[in-house]
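Below: run.txt (compact mmCIF, C-alpha atoms)
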```
# COMPACT_ATOMS: atom_id res chain seq x y z
CA MET E 13 174.87 16.57 -38.02
CA ALA E 14 176.42 14.82 -41.01
CA THR E 15 178.65 16.86 -43.32
CA PRO E 16 176.42 18.17 -46.10
CA GLY E 17 177.04 17.10 -49.67
CA PRO E 18 178.18 19.54 -52.36
CA PRO E 19 176.00 22.37 -53.69
CA LEU E 20 175.25 20.55 -56.94
CA TRP E 21 172.98 23.34 -58.19
CA LEU E 22 174.17 26.91 -58.46
CA LEU E 23 171.52 29.47 -59.33
CA ALA E 24 173.17 32.72 -60.38
CA GLU E 25 170.58 35.47 -60.18
CA LEU E 26 172.52 38.01 -62.18
CA THR E 27 170.12 40.93 -61.83
CA TYR E 28 166.72 41.85 -60.43
CA ARG E 29 166.20 44.20 -63.37
CA CYS E 30 163.50 42.83 -65.65
CA PRO E 31 161.52 44.12 -68.59
CA LEU E 32 158.54 42.03 -67.43
CA HIS E 33 156.38 42.79 -64.41
CA CYS E 34 154.82 39.40 -63.68
CA ALA E 35 152.30 39.42 -60.87
CA PHE E 36 153.53 36.02 -59.59
CA CYS E 37 157.27 36.74 -59.56
CA TYR E 38 159.24 35.00 -56.79
CA ASN E 39 161.85 37.75 -56.57
CA PRO E 40 161.63 39.51 -53.20
CA ILE E 41 159.05 42.26 -52.78
CA ASP E 42 161.87 44.69 -51.95
CA PHE E 43 163.99 43.80 -55.00
CA ALA E 44 164.30 47.48 -55.93
CA ASP E 45 166.27 48.36 -52.81
CA GLY E 46 169.15 49.60 -54.94
CA LYS E 47 171.89 47.28 -53.71
CA GLN E 48 174.78 47.04 -56.12
CA GLU E 49 174.98 44.07 -58.48
CA LEU E 50 178.06 41.85 -58.40
CA SER E 51 180.70 42.77 -60.98
CA THR E 52 181.86 40.46 -63.74
CA GLU E 53 185.00 39.59 -61.76
CA GLU E 54 182.96 38.78 -58.66
CA TRP E 55 180.65 36.48 -60.63
CA LEU E 56 183.65 34.75 -62.22
CA ARG E 57 185.00 34.04 -58.74
CA VAL E 58 181.60 32.68 -57.63
CA LEU E 59 181.54 30.35 -60.63
CA ARG E 60 185.06 29.07 -59.95
CA GLU E 61 184.54 28.57 -56.23
CA ALA E 62 181.19 26.82 -56.60
CA ARG E 63 182.57 24.52 -59.27
CA ALA E 64 185.48 23.62 -56.99
CA LEU E 65 182.93 22.70 -54.30
CA GLY E 66 181.21 20.36 -56.76
CA SER E 67 178.48 22.47 -58.39
CA VAL E 68 177.63 20.97 -61.73
CA GLN E 69 174.38 22.57 -62.87
CA CYS E 70 174.51 26.32 -63.29
CA GLY E 71 171.39 28.37 -63.95
CA PHE E 72 171.71 31.96 -65.11
CA SER E 73 168.56 33.68 -63.99
CA GLY E 74 167.23 36.95 -62.62
CA GLY E 75 165.26 39.18 -63.19
CA GLU E 76 166.20 38.99 -66.81
CA PRO E 77 169.78 37.74 -67.23
CA MET E 78 169.94 39.07 -70.81
CA LEU E 79 170.18 42.55 -69.27
CA ARG E 80 173.75 41.72 -68.20
CA ALA E 81 176.13 42.62 -71.03
CA ASP E 82 178.68 40.18 -69.57
CA LEU E 83 176.36 37.15 -69.77
CA GLU E 84 178.29 35.59 -72.67
CA ARG E 85 181.55 35.92 -70.74
CA LEU E 86 180.04 34.29 -67.64
CA VAL E 87 178.49 31.46 -69.67
CA GLY E 88 181.83 30.94 -71.42
CA GLU E 89 183.67 30.61 -68.12
CA ALA E 90 180.97 28.33 -66.66
CA HIS E 91 181.22 26.10 -69.72
CA ARG E 92 185.02 26.03 -69.53
CA LEU E 93 184.79 25.01 -65.87
CA GLY E 94 182.58 22.03 -66.76
CA TYR E 95 179.13 23.19 -65.69
CA TYR E 96 176.02 22.23 -67.58
CA THR E 97 174.81 25.75 -68.32
CA ASN E 98 171.15 26.76 -68.30
CA LEU E 99 169.73 30.16 -69.25
CA LEU E 100 166.37 31.04 -67.68
CA THR E 101 164.94 33.90 -69.69
CA SER E 102 161.83 35.78 -70.73
CA GLY E 103 163.36 35.98 -74.21
CA VAL E 104 163.54 39.76 -74.14
CA GLY E 105 166.95 40.79 -75.41
CA LEU E 106 167.78 37.37 -76.81
CA ASP E 107 168.30 38.51 -80.38
CA GLU E 108 170.05 36.57 -83.15
CA ARG E 109 173.44 38.08 -82.42
CA ARG E 110 173.41 37.16 -78.74
CA MET E 111 171.84 33.77 -79.42
CA ALA E 112 174.79 32.93 -81.68
CA ALA E 113 177.30 34.36 -79.19
CA LEU E 114 175.84 32.27 -76.36
CA ARG E 115 176.04 29.16 -78.53
CA THR E 116 179.71 29.90 -79.17
CA SER E 117 180.26 30.47 -75.44
CA GLY E 118 179.01 26.94 -74.76
CA LEU E 119 175.50 27.51 -73.44
CA ASP E 120 173.83 24.10 -73.11
CA HIS E 121 170.15 24.87 -72.69
CA ILE E 122 167.53 27.61 -72.68
CA GLN E 123 164.41 27.73 -70.55
CA LEU E 124 161.99 30.22 -72.04
CA SER E 125 159.07 31.54 -70.03
CA PHE E 126 155.61 32.12 -71.40
CA GLN E 127 152.79 33.51 -69.31
CA ASP E 128 150.03 31.96 -71.41
CA SER E 129 149.10 30.54 -74.81
CA THR E 130 147.22 33.70 -75.71
CA ARG E 131 148.64 37.10 -76.44
CA GLU E 132 146.01 38.75 -74.24
CA VAL E 133 146.75 36.86 -71.02
CA ASN E 134 150.52 36.66 -71.64
CA ASP E 135 150.75 40.38 -72.14
CA PHE E 136 148.36 41.19 -69.30
CA LEU E 137 150.12 39.03 -66.69
CA SER E 138 153.59 40.23 -67.59
CA SER E 139 152.31 43.76 -68.06
CA THR E 140 154.24 43.94 -71.35
CA ARG E 141 153.70 43.27 -75.04
CA THR E 142 156.00 40.27 -75.34
CA PHE E 143 153.91 37.37 -76.67
CA ASP E 144 154.88 37.70 -80.33
CA LEU E 145 158.51 38.28 -79.41
CA LYS E 146 158.57 35.10 -77.29
CA ARG E 147 157.27 33.05 -80.20
CA LYS E 148 160.05 34.41 -82.40
CA VAL E 149 162.64 33.66 -79.72
CA ALA E 150 161.33 30.10 -79.40
CA ALA E 151 161.78 29.56 -83.15
CA SER E 152 165.28 31.00 -82.96
CA ILE E 153 166.21 28.72 -80.02
CA LYS E 154 165.25 25.71 -82.10
CA ARG E 155 167.05 27.04 -85.18
CA HIS E 156 170.24 27.30 -83.17
CA GLY E 157 169.93 23.71 -82.03
CA TYR E 158 169.33 24.21 -78.31
CA PRO E 159 167.10 21.97 -76.27
CA MET E 160 164.17 24.07 -75.11
CA VAL E 161 162.18 23.98 -71.91
CA LEU E 162 159.05 26.09 -71.98
CA ASN E 163 158.14 27.23 -68.52
CA VAL E 164 154.64 28.47 -67.88
CA VAL E 165 153.64 29.52 -64.39
CA ILE E 166 150.09 28.28 -63.89
CA HIS E 167 147.43 29.99 -61.80
CA ARG E 168 143.76 30.90 -61.71
CA LEU E 169 143.92 33.17 -64.76
CA ASN E 170 145.51 30.68 -67.17
CA VAL E 171 144.90 27.22 -65.69
CA ASP E 172 141.88 26.73 -67.95
CA HIS E 173 144.15 27.16 -70.99
CA VAL E 174 146.39 24.19 -70.25
CA ASP E 175 145.22 22.36 -73.39
CA ARG E 176 146.18 25.32 -75.57
CA ILE E 177 149.45 25.81 -73.70
CA ILE E 178 150.38 22.20 -74.43
CA ALA E 179 149.44 22.64 -78.10
CA MET E 180 151.59 25.77 -78.27
CA ALA E 181 154.58 23.97 -76.72
CA VAL E 182 154.24 21.14 -79.26
CA GLU E 183 153.99 23.60 -82.13
CA LEU E 184 157.10 25.45 -80.93
CA GLY E 185 159.06 22.19 -80.68
CA ALA E 186 159.77 22.21 -76.94
CA GLU E 187 161.53 19.15 -75.51
CA TYR E 188 160.06 19.82 -72.08
CA LEU E 189 157.08 21.75 -70.83
CA GLU E 190 156.96 22.87 -67.21
CA LEU E 191 153.44 23.64 -66.07
CA ALA E 192 154.54 25.02 -62.76
CA ASN E 193 151.68 26.16 -60.60
CA ALA E 194 152.53 29.37 -58.81
CA GLN E 195 153.70 28.79 -55.26
CA TYR E 196 152.69 31.51 -52.92
CA TYR E 197 155.77 33.53 -51.97
CA ALA E 198 156.75 37.13 -52.59
CA TRP E 199 154.63 38.71 -55.37
CA ALA E 200 152.48 35.61 -55.80
CA HIS E 201 151.74 35.62 -52.07
CA ARG E 202 150.79 39.28 -52.25
CA ASN E 203 148.46 38.49 -55.20
CA ARG E 204 147.24 35.12 -53.93
CA GLU E 205 143.56 35.93 -54.03
CA HIS E 206 143.82 36.60 -57.74
CA LEU E 207 146.05 33.63 -58.53
CA LEU E 208 145.05 30.58 -56.47
CA PRO E 209 142.96 28.29 -58.70
CA SER E 210 139.93 26.34 -57.53
CA ARG E 211 140.15 22.61 -56.92
CA GLU E 212 137.93 21.99 -59.91
CA GLN E 213 140.20 24.02 -62.16
CA LEU E 214 143.21 22.00 -61.02
CA GLN E 215 141.43 18.70 -61.53
CA ARG E 216 140.46 19.70 -65.07
CA ALA E 217 144.02 20.75 -65.87
CA ASP E 218 145.38 17.51 -64.46
CA ALA E 219 142.94 15.50 -66.60
CA VAL E 220 144.06 17.43 -69.70
CA VAL E 221 147.73 16.67 -68.96
CA GLU E 222 147.02 12.99 -68.28
CA ASP E 223 144.95 12.68 -71.45
CA TRP E 224 147.72 14.29 -73.51
CA ARG E 225 150.32 11.94 -72.02
CA ARG E 226 148.15 8.93 -72.86
CA ARG E 227 147.75 10.03 -76.45
CA SER E 228 151.22 11.41 -77.16
CA GLY E 229 153.55 9.42 -74.93
CA GLU E 230 156.96 10.84 -74.24
CA ALA E 231 157.53 12.93 -77.37
CA MET E 232 157.51 16.04 -75.20
CA ARG E 233 157.93 15.64 -71.48
CA ILE E 234 155.49 17.57 -69.28
CA TYR E 235 156.24 18.43 -65.68
CA HIS E 236 153.04 19.37 -63.92
CA VAL E 237 153.48 20.80 -60.44
CA VAL E 238 150.38 21.52 -58.35
CA PRO E 239 150.24 24.26 -55.71
CA ASP E 240 151.44 23.13 -52.28
CA TYR E 241 148.19 24.38 -50.78
CA TYR E 242 146.27 21.50 -52.37
CA GLU E 243 148.59 18.86 -50.95
CA ALA E 244 148.13 17.13 -47.58
CA ARG E 245 151.85 16.87 -46.93
CA PRO E 246 154.51 19.50 -47.53
CA LYS E 247 157.13 19.20 -50.22
CA ARG E 248 160.71 18.28 -49.44
CA CYS E 249 161.66 21.86 -50.07
CA MET E 250 164.85 22.34 -52.14
CA ASN E 251 165.48 18.65 -51.42
CA GLY E 252 166.64 19.81 -48.01
CA TRP E 253 167.89 23.13 -46.70
CA GLY E 254 171.53 23.67 -47.70
CA ASN E 255 171.60 20.22 -49.20
CA VAL E 256 172.03 20.58 -52.98
CA PHE E 257 170.96 24.09 -53.83
CA LEU E 258 172.86 27.37 -53.66
CA THR E 259 171.43 30.68 -54.88
CA VAL E 260 173.52 33.79 -55.24
CA THR E 261 171.38 36.92 -55.54
CA PRO E 262 172.32 39.95 -57.66
CA ASP E 263 173.97 41.70 -54.71
CA GLY E 264 175.95 38.61 -53.71
CA THR E 265 173.79 37.28 -50.88
CA ALA E 266 174.11 33.51 -50.72
CA LEU E 267 170.87 31.64 -49.99
CA PRO E 268 169.79 28.00 -49.57
CA CYS E 269 166.79 28.80 -51.80
CA HIS E 270 165.73 31.70 -53.94
CA THR E 271 163.09 33.00 -51.52
CA ALA E 272 164.88 32.44 -48.19
CA ARG E 273 165.99 36.05 -47.91
CA MET E 274 162.59 36.89 -46.40
CA LEU E 275 163.24 34.83 -43.27
CA PRO E 276 163.74 36.87 -40.12
CA GLY E 277 166.44 36.29 -37.56
CA LEU E 278 168.95 34.91 -40.01
CA ALA E 279 171.93 36.75 -41.43
CA PHE E 280 172.71 35.29 -44.82
CA PRO E 281 176.33 35.56 -45.88
CA ASN E 282 177.53 37.58 -48.86
CA VAL E 283 180.02 36.26 -51.39
CA ARG E 284 181.82 39.61 -51.15
CA ASP E 285 182.73 38.83 -47.53
CA GLY E 286 184.01 35.28 -47.75
CA SER E 287 184.59 32.14 -49.75
CA LEU E 288 181.77 29.92 -50.91
CA ARG E 289 183.35 27.08 -48.97
CA GLU E 290 182.95 28.95 -45.67
CA ILE E 291 179.47 30.04 -46.72
CA TRP E 292 178.27 26.55 -47.66
CA TYR E 293 179.81 24.59 -44.78
CA ALA E 294 180.22 27.02 -41.90
CA SER E 295 177.71 29.89 -42.08
CA GLU E 296 174.81 30.22 -39.69
CA GLY E 297 172.48 30.98 -42.62
CA PHE E 298 173.14 27.62 -44.26
CA ASN E 299 173.42 25.54 -41.09
CA ARG E 300 170.29 26.76 -39.27
CA TYR E 301 167.75 24.41 -40.86
CA ARG E 302 169.99 21.56 -41.95
CA GLY E 303 169.14 18.13 -40.62
CA ASP E 304 166.26 17.89 -38.12
CA GLY E 305 167.71 19.23 -34.85
CA TRP E 306 165.87 22.55 -35.32
CA MET E 307 162.44 20.95 -35.57
CA LYS E 308 159.54 21.56 -33.19
CA GLU E 309 156.42 19.51 -32.71
CA PRO E 310 154.57 18.14 -34.59
CA CYS E 311 157.62 17.59 -36.86
CA ARG E 312 160.07 16.45 -34.18
CA SER E 313 158.24 13.23 -33.38
CA CYS E 314 156.69 12.75 -36.83
CA PRO E 315 157.52 9.45 -38.55
CA GLU E 316 157.55 11.28 -41.91
CA LYS E 317 160.06 13.94 -40.91
CA THR E 318 162.88 12.40 -42.91
CA LEU E 319 160.70 12.35 -46.03
CA ASP E 320 159.61 15.98 -46.17
CA LEU E 321 162.07 17.52 -43.67
CA GLY E 322 159.28 19.66 -42.27
CA GLY E 323 158.50 21.25 -45.64
CA CYS E 324 159.28 24.81 -46.60
CA ARG E 325 160.73 27.31 -44.11
CA CYS E 326 159.44 30.29 -46.09
CA GLN E 327 155.90 28.92 -46.15
CA ALA E 328 156.11 28.28 -42.40
CA TYR E 329 157.15 31.87 -41.87
CA LEU E 330 154.58 33.38 -44.24
CA LEU E 331 151.62 31.38 -42.92
CA ALA E 332 152.51 30.51 -39.32
CA GLY E 333 154.80 33.43 -38.55
CA ASP E 334 157.60 31.11 -37.46
CA PRO E 335 160.28 29.77 -39.82
CA ALA E 336 160.89 26.78 -37.52
CA ALA E 337 157.24 25.71 -37.46
CA ALA E 338 155.85 22.82 -39.48
CA ASP E 339 154.97 23.88 -43.02
CA PRO E 340 151.24 24.74 -42.60
CA VAL E 341 150.48 22.82 -45.79
CA CYS E 342 150.79 19.70 -43.64
CA THR E 343 147.44 18.52 -42.29
CA ARG E 344 149.27 17.79 -39.01
CA SER E 345 150.21 21.45 -38.66
CA PRO E 346 148.14 23.38 -36.09
CA GLU E 347 148.09 26.22 -38.66
CA ARG E 348 146.61 24.19 -41.52
CA ALA E 349 143.36 26.17 -41.12
CA ARG E 350 145.08 29.16 -42.73
CA VAL E 351 145.73 27.15 -45.88
CA ASP E 352 142.19 25.77 -45.83
CA ALA E 353 140.76 29.28 -45.56
CA ALA E 354 142.69 30.39 -48.64
CA ILE E 355 141.55 27.30 -50.52
CA GLU E 356 137.96 27.78 -49.39
CA ARG E 357 137.94 31.27 -50.79
CA ALA E 358 139.42 30.05 -54.06
CA GLN E 359 136.42 27.75 -54.61
CA GLN E 360 134.06 30.69 -54.96
CA PRO E 361 133.51 32.11 -58.43
CA ASP E 362 135.26 35.39 -59.18
CA ASP E 363 132.02 37.39 -59.27
CA GLY E 364 131.10 36.07 -55.81
CA ARG E 365 134.23 37.29 -54.06
CA PRO E 366 135.47 40.73 -54.92
CA PRO E 367 139.19 40.76 -54.14
CA SER E 368 140.21 42.73 -51.08
CA GLN E 369 143.09 44.35 -52.95
CA PRO E 370 143.99 44.96 -56.58
CA LEU E 371 146.46 42.83 -58.52
CA VAL E 372 149.93 44.31 -58.02
CA PHE E 373 152.48 44.00 -60.79
CA ARG E 374 156.15 43.52 -60.02
CA THR E 375 157.49 46.97 -60.84
CA PRO E 376 160.26 48.94 -59.14
CA LYS E 377 157.66 51.50 -58.11
CA ALA E 378 155.41 48.90 -56.48
CA SER E 379 158.46 47.32 -54.86
CA ARG E 380 159.50 50.58 -53.23
CA ALA E 381 155.94 51.34 -52.13
CA LEU E 382 155.40 47.91 -50.55
CA ALA E 383 158.85 47.68 -48.98
CA GLY E 384 158.49 51.17 -47.57
CA GLY E 385 155.02 50.50 -46.19
CA MET D 28 174.69 1.67 -82.48
CA PRO D 29 173.66 3.42 -79.26
CA ARG D 30 174.75 6.98 -78.69
CA ILE D 31 174.27 9.42 -75.80
CA THR D 32 171.31 11.62 -76.67
CA ARG D 33 172.07 15.08 -77.99
CA HIS D 34 171.84 17.62 -75.16
CA TYR D 35 172.96 15.01 -72.63
CA ARG D 36 176.52 15.04 -71.40
CA LEU D 37 178.48 12.35 -69.62
CA GLN D 38 181.32 13.54 -67.42
CA TRP D 39 183.51 12.56 -64.50
CA GLU D 40 182.84 14.47 -61.27
CA ALA D 41 185.81 14.25 -58.91
CA VAL D 42 183.88 15.71 -55.93
CA GLN D 43 181.20 13.02 -56.25
CA ASP D 44 183.76 10.37 -57.22
CA CYS D 45 181.58 9.10 -60.06
CA HIS D 46 180.44 9.75 -63.60
CA VAL D 47 177.27 11.78 -64.01
CA LEU D 48 174.90 12.34 -66.89
CA LEU D 49 173.84 15.96 -67.26
CA TYR D 50 170.81 17.29 -69.10
CA PRO D 51 168.64 20.43 -68.94
CA GLU D 52 168.28 21.24 -65.24
CA GLY D 53 169.05 17.70 -64.16
CA MET D 54 171.71 15.14 -63.26
CA VAL D 55 171.90 11.39 -62.88
CA LYS D 56 174.67 9.82 -60.80
CA LEU D 57 175.98 6.70 -62.47
CA ASN D 58 177.37 3.62 -60.82
CA ARG D 59 180.54 2.08 -62.18
CA SER D 60 178.93 -0.40 -64.56
CA ALA D 61 176.41 2.11 -65.95
CA ALA D 62 179.24 4.54 -66.61
CA GLU D 63 181.40 1.89 -68.30
CA ILE D 64 178.54 1.07 -70.67
CA LEU D 65 177.56 4.66 -71.42
CA LEU D 66 181.18 5.67 -72.04
CA ARG D 67 181.06 3.30 -75.00
CA CYS D 68 177.75 4.59 -76.37
CA ASP D 69 179.32 6.92 -78.92
CA GLY D 70 177.40 5.92 -82.03
CA THR D 71 180.31 3.93 -83.49
CA ARG D 72 179.99 0.66 -81.57
CA THR D 73 177.29 -1.98 -81.89
CA VAL D 74 175.80 -3.49 -78.75
CA ALA D 75 177.76 -6.67 -79.49
CA ALA D 76 180.98 -4.67 -79.71
CA ILE D 77 180.23 -2.92 -76.42
CA VAL D 78 179.60 -6.26 -74.73
CA ALA D 79 182.81 -7.73 -76.15
CA GLU D 80 184.86 -4.74 -75.05
CA LEU D 81 183.49 -4.84 -71.52
CA GLU D 82 184.03 -8.57 -71.21
CA GLN D 83 187.62 -8.11 -72.31
CA ALA D 84 188.23 -5.06 -70.10
CA PHE D 85 186.91 -6.79 -67.00
CA ASP D 86 188.14 -10.23 -67.93
CA THR D 87 184.74 -11.84 -67.65
CA GLY D 88 181.98 -13.31 -69.78
CA GLY D 89 178.19 -13.42 -69.97
CA LEU D 90 177.61 -9.66 -69.74
CA ARG D 91 175.25 -9.47 -72.72
CA SER D 92 171.95 -9.63 -70.83
CA GLU D 93 173.11 -7.16 -68.18
CA VAL D 94 174.24 -4.70 -70.84
CA GLU D 95 171.04 -5.10 -72.84
CA ASP D 96 168.90 -4.60 -69.74
CA PHE D 97 170.74 -1.42 -68.90
CA LEU D 98 170.54 -0.11 -72.48
CA GLY D 99 166.79 -0.77 -72.47
CA HIS D 100 166.50 1.28 -69.30
CA ALA D 101 168.75 4.02 -70.74
CA ARG D 102 166.69 4.15 -73.92
CA HIS D 103 163.47 4.42 -71.92
CA GLN D 104 165.00 7.28 -69.92
CA ARG D 105 166.12 8.83 -73.22
CA TRP D 106 169.76 8.89 -72.14
CA ILE D 107 170.66 7.18 -75.42
CA ASP D 108 169.12 6.93 -78.85
CA ALA D 109 169.31 4.15 -81.44
```

Representation of the structure as structure tokens:
Amino acid sequence: MATPGPPLWLLAELTYRCPLHCAFCYNPIDFADGKQELSTEEWLRVLREARALGSVQCGFSGGEPMLRADLERLVGEAHRLGYYTNLLTSGVGLDERRMAALRTSGLDHIQLSFQDSTREVNDFLSSTRTFDLKRKVAASIKRHGYPMVLNVVIHRLNVDHVDRIIAMAVELGAEYLELANAQYYAWAHRNREHLLPSREQLQRADAVVEDWRRRSGEAMRIYHVVPDYYEARPKRCMNGWGNVFLTVTPDGTALPCHTARMLPGLAFPNVRDGSLREIWYASEGFNRYRGDGWMKEPCRSCPEKTLDLGGCRCQAYLLAGDPAAADPVCTRSPERARVDAAIERAQQPDDGRPPSQPLVFRTPKASRALAGG
Amino acid sequence: MPRITRHYRLQWEAVQDCHVLLYPEGMVKLNRSAAEILLRCDGTRTVAAIVAELEQAFDTGGLRSEVEDFLGHARHQRWIDA
């Protein structure tokens, strides 16, 4: 196996604490397991070691990273080290004082999440009253001269509002709009019946995006990501396992992607126990699915294996029960029927298919209940 | 007078042994000639001045069309404005 390149992307998940309770959150179901968050000094070491390995993009995420009182200090150090620094936030806690302090610390960019273009759906899906606050934060981001990415997770309950979401992003002055369809891991997987849109909904949304691009050109750039389930081939997940992407979770677990902690039979290293260099180049957790030596059929002999690298290991585990299987999104996977069944169900109108379980919001209480059961 | 777009940053990356252009959540690796051109896109030099400088630095001539092609591409990608 060739020596992997550097971990160009460092995602620092500073905390799992979050004022929002989004039903599609990708944080692990058992996020409330009470493990201790890394200290300021430990995060500073992570930033230095990753930068020395070649990390150049640093995302401060969570949970809600604004809940860390040392965020400004970490951003300042990341900036000093030469990272391009990105803050991924719900906006809660990003008041004028901290906005100015982050600017001074050298923060390069803010990605602000919205759940919808309407107060009702935004506040329902996040199980908070945050819509008006987010609009104020967006105005403040622009006032302070940051580039702004609006990120809206798209699913069955808001996909029909894509036209209004685009209009809102234009009005708020966003440079980029990410219409990121929910992918079905963690809380979104748990709530899939409620969230997976129908094919017709997706086609309408796609037509709206295309129409807007035709009329408005490149003034605001829209990234529109469809759910894997509606593809015939899997995505090249994380651009390859342990290839460019390094996540460090709040308790210091190092992962090749932000959902990989769910995979069984793999011990992921912790930054408290060793250097990032050992973790990135020599740990079992990062080496297991590098390259293609781990592949089984139908991937092993597939002419497209170097394009998609077998897809997503987490999706393989969630849908086929085996992290080394082909991603069941692939129509060549023997487990594709599971994806088709989920899609089939999503085509029926809501009143024709009472959900088998209620929508579960991402709360510490629900986390403990689900992890315990 | 072309200038790197606000919010984009050009920097040398020793680990990758090349210049890169950084922007929100993204990175472009630059080859030598792209980097040499972009390093001069600071809003104070005209395209003609950039061409002249490069021709002098690399002791060659006839770079105008190559530089203009690249700047057209860079403008389209929004790496530079003006």

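Straight-line separation from CA of Leu124 (chain E) to CA of Val104 (chain E): 9.9 Å.
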
Around region 68-79 of chain E, fit a box with edges along x, y and z, padding it by 3 Å on each side, then list its centre and edge lengths in Å to one decimal as JSON.
```
{"center_x": 171.4, "center_y": 31.8, "center_z": -66.3, "size_x": 18.4, "size_y": 27.6, "size_z": 15.1}
```

Calculate how many Å separate CA of Pro376 (chain E) from CA of Leu32 (chain E), rounding to one decimal. 10.9 Å

Quick one: which chain D residues come within 12 Å of chain E, and what is the nearest atom pair for each with the distance in Å to one decimal, counting all atoms listed in the file, rows ordered by chain and ascending number, as a tab-separated table?
```
residue	atom	partner	partner_atom	distance
D:Thr32	CA	E:Pro159	CA	11.2
D:Arg33	CA	E:Pro159	CA	8.7
D:His34	CA	E:Pro159	CA	6.5
D:Tyr35	CA	E:Asp120	CA	9.1
D:Arg36	CA	E:Tyr96	CA	8.2
D:Leu37	CA	E:Tyr96	CA	10.4
D:Gln38	CA	E:Gly94	CA	8.6
D:Trp39	CA	E:Gly94	CA	9.8
D:Glu40	CA	E:Gly66	CA	7.6
D:Ala41	CA	E:Gly66	CA	7.9
D:Val42	CA	E:Gly66	CA	5.4
D:Gln43	CA	E:Gly66	CA	7.4
D:Asp44	CA	E:Gly66	CA	10.3
D:Cys45	CA	E:Gly66	CA	11.7
D:His46	CA	E:Val68	CA	11.7
D:Val47	CA	E:Val68	CA	9.5
D:Leu48	CA	E:Tyr96	CA	10.0
D:Leu49	CA	E:Tyr96	CA	6.6
D:Tyr50	CA	E:Tyr96	CA	7.3
D:Pro51	CA	E:His121	CA	6.0
D:Glu52	CA	E:Gln69	CA	6.7
D:Gly53	CA	E:Gln69	CA	7.3
D:Met54	CA	E:Gln69	CA	7.9
D:Val55	CA	E:Val68	CA	11.2
D:Lys56	CA	E:Leu20	CA	11.4
D:Arg102	CA	E:Glu230	CA	11.8
D:His103	CA	E:Glu230	CA	9.4
D:Gln104	CA	E:Glu230	CA	9.8
D:Arg105	CA	E:Glu230	CA	9.4
```

Could you name the residues that touch region 43-51 of chain E at 6 Å or less, counting only C-alpha atoms, but leaving out those on the same chain fewer than 5 positions away, as a ChimeraX atom specification? /E:262-263,376,379

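Distances to Thr375 (chain E) were evaluated for E:Ser138, E:Ser117, E:Ala90, E:Tyr301 using only C-alpha atoms, and the minimum falls at E:Ser138.
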
Calculate how many Å separate CA of Val372 (chain E) from CA of Leu26 (chain E), rounding to one decimal. 23.8 Å

Would you mind telling me which residue in E:Ala35, E:Cys30, E:Met78, E:Leu191 lies nearest to Phe136 (chain E) when using only C-alpha atoms? E:Ala35

9 Å contact set for region 141-155 of chain E, all atoms listed in the file, chain neighbours under 5 positions out, as a VMD selection string: chain E and resid 32 102 to 104 106 to 108 111 122 124 to 132 134 to 136 160 162 184 to 186

Around the point (179.6, -3.3, -67.3), in the coordinates given by the file, pick out the residues reaching within 12 Å, counting only C-alpha atoms, and return them as a ChimeraX atom specification. /D:57-67,77-98

Please provide the set of residues having any atom within 10 Å of region 80-84 of chain E, restricted to only C-alpha atoms, with same-chain residues fewer than 6 positions apart removed, written as a list in words. Leu26, Thr27, Arg29, Ser51, Thr52, Trp55, Phe72, Gly74, Ala90, Leu99, Gly105, Arg110, Met111, Ala113, Leu114, Arg115, Thr116, Ser117, Gly118 and Leu119 of chain E

Excluding same-chain residues fewer than 4 positions from region 317-319 of chain E, what lies within 8 Å of it counting only C-alpha atoms, as a list of chain:residue names? E:Arg248, E:Asp304, E:Cys311, E:Arg312, E:Ser313

Exercise: Gln195 (chain E) partners within 8 Å, only C-alpha atoms, chain neighbours under 3 positions left out, as a PyMOL selection string: chain E and resi 200-201+239-240

Show me as number ranges by chain the residues that reach within 6 Å of (152.8, 33.2, -60.7), counting only C-alpha atoms and using the file's own coordinates. E: 36-37, 165, 194, 200

Those same residues - C-alpha atoms - I'd like them written as a tab-separated table (two decimals), in the frame of the given file.
```tsv
chain	number	residue	atom	x	y	z
E	36	PHE	CA	153.53	36.02	-59.59
E	37	CYS	CA	157.27	36.74	-59.56
E	165	VAL	CA	153.64	29.52	-64.39
E	194	ALA	CA	152.53	29.37	-58.81
E	200	ALA	CA	152.48	35.61	-55.80
```
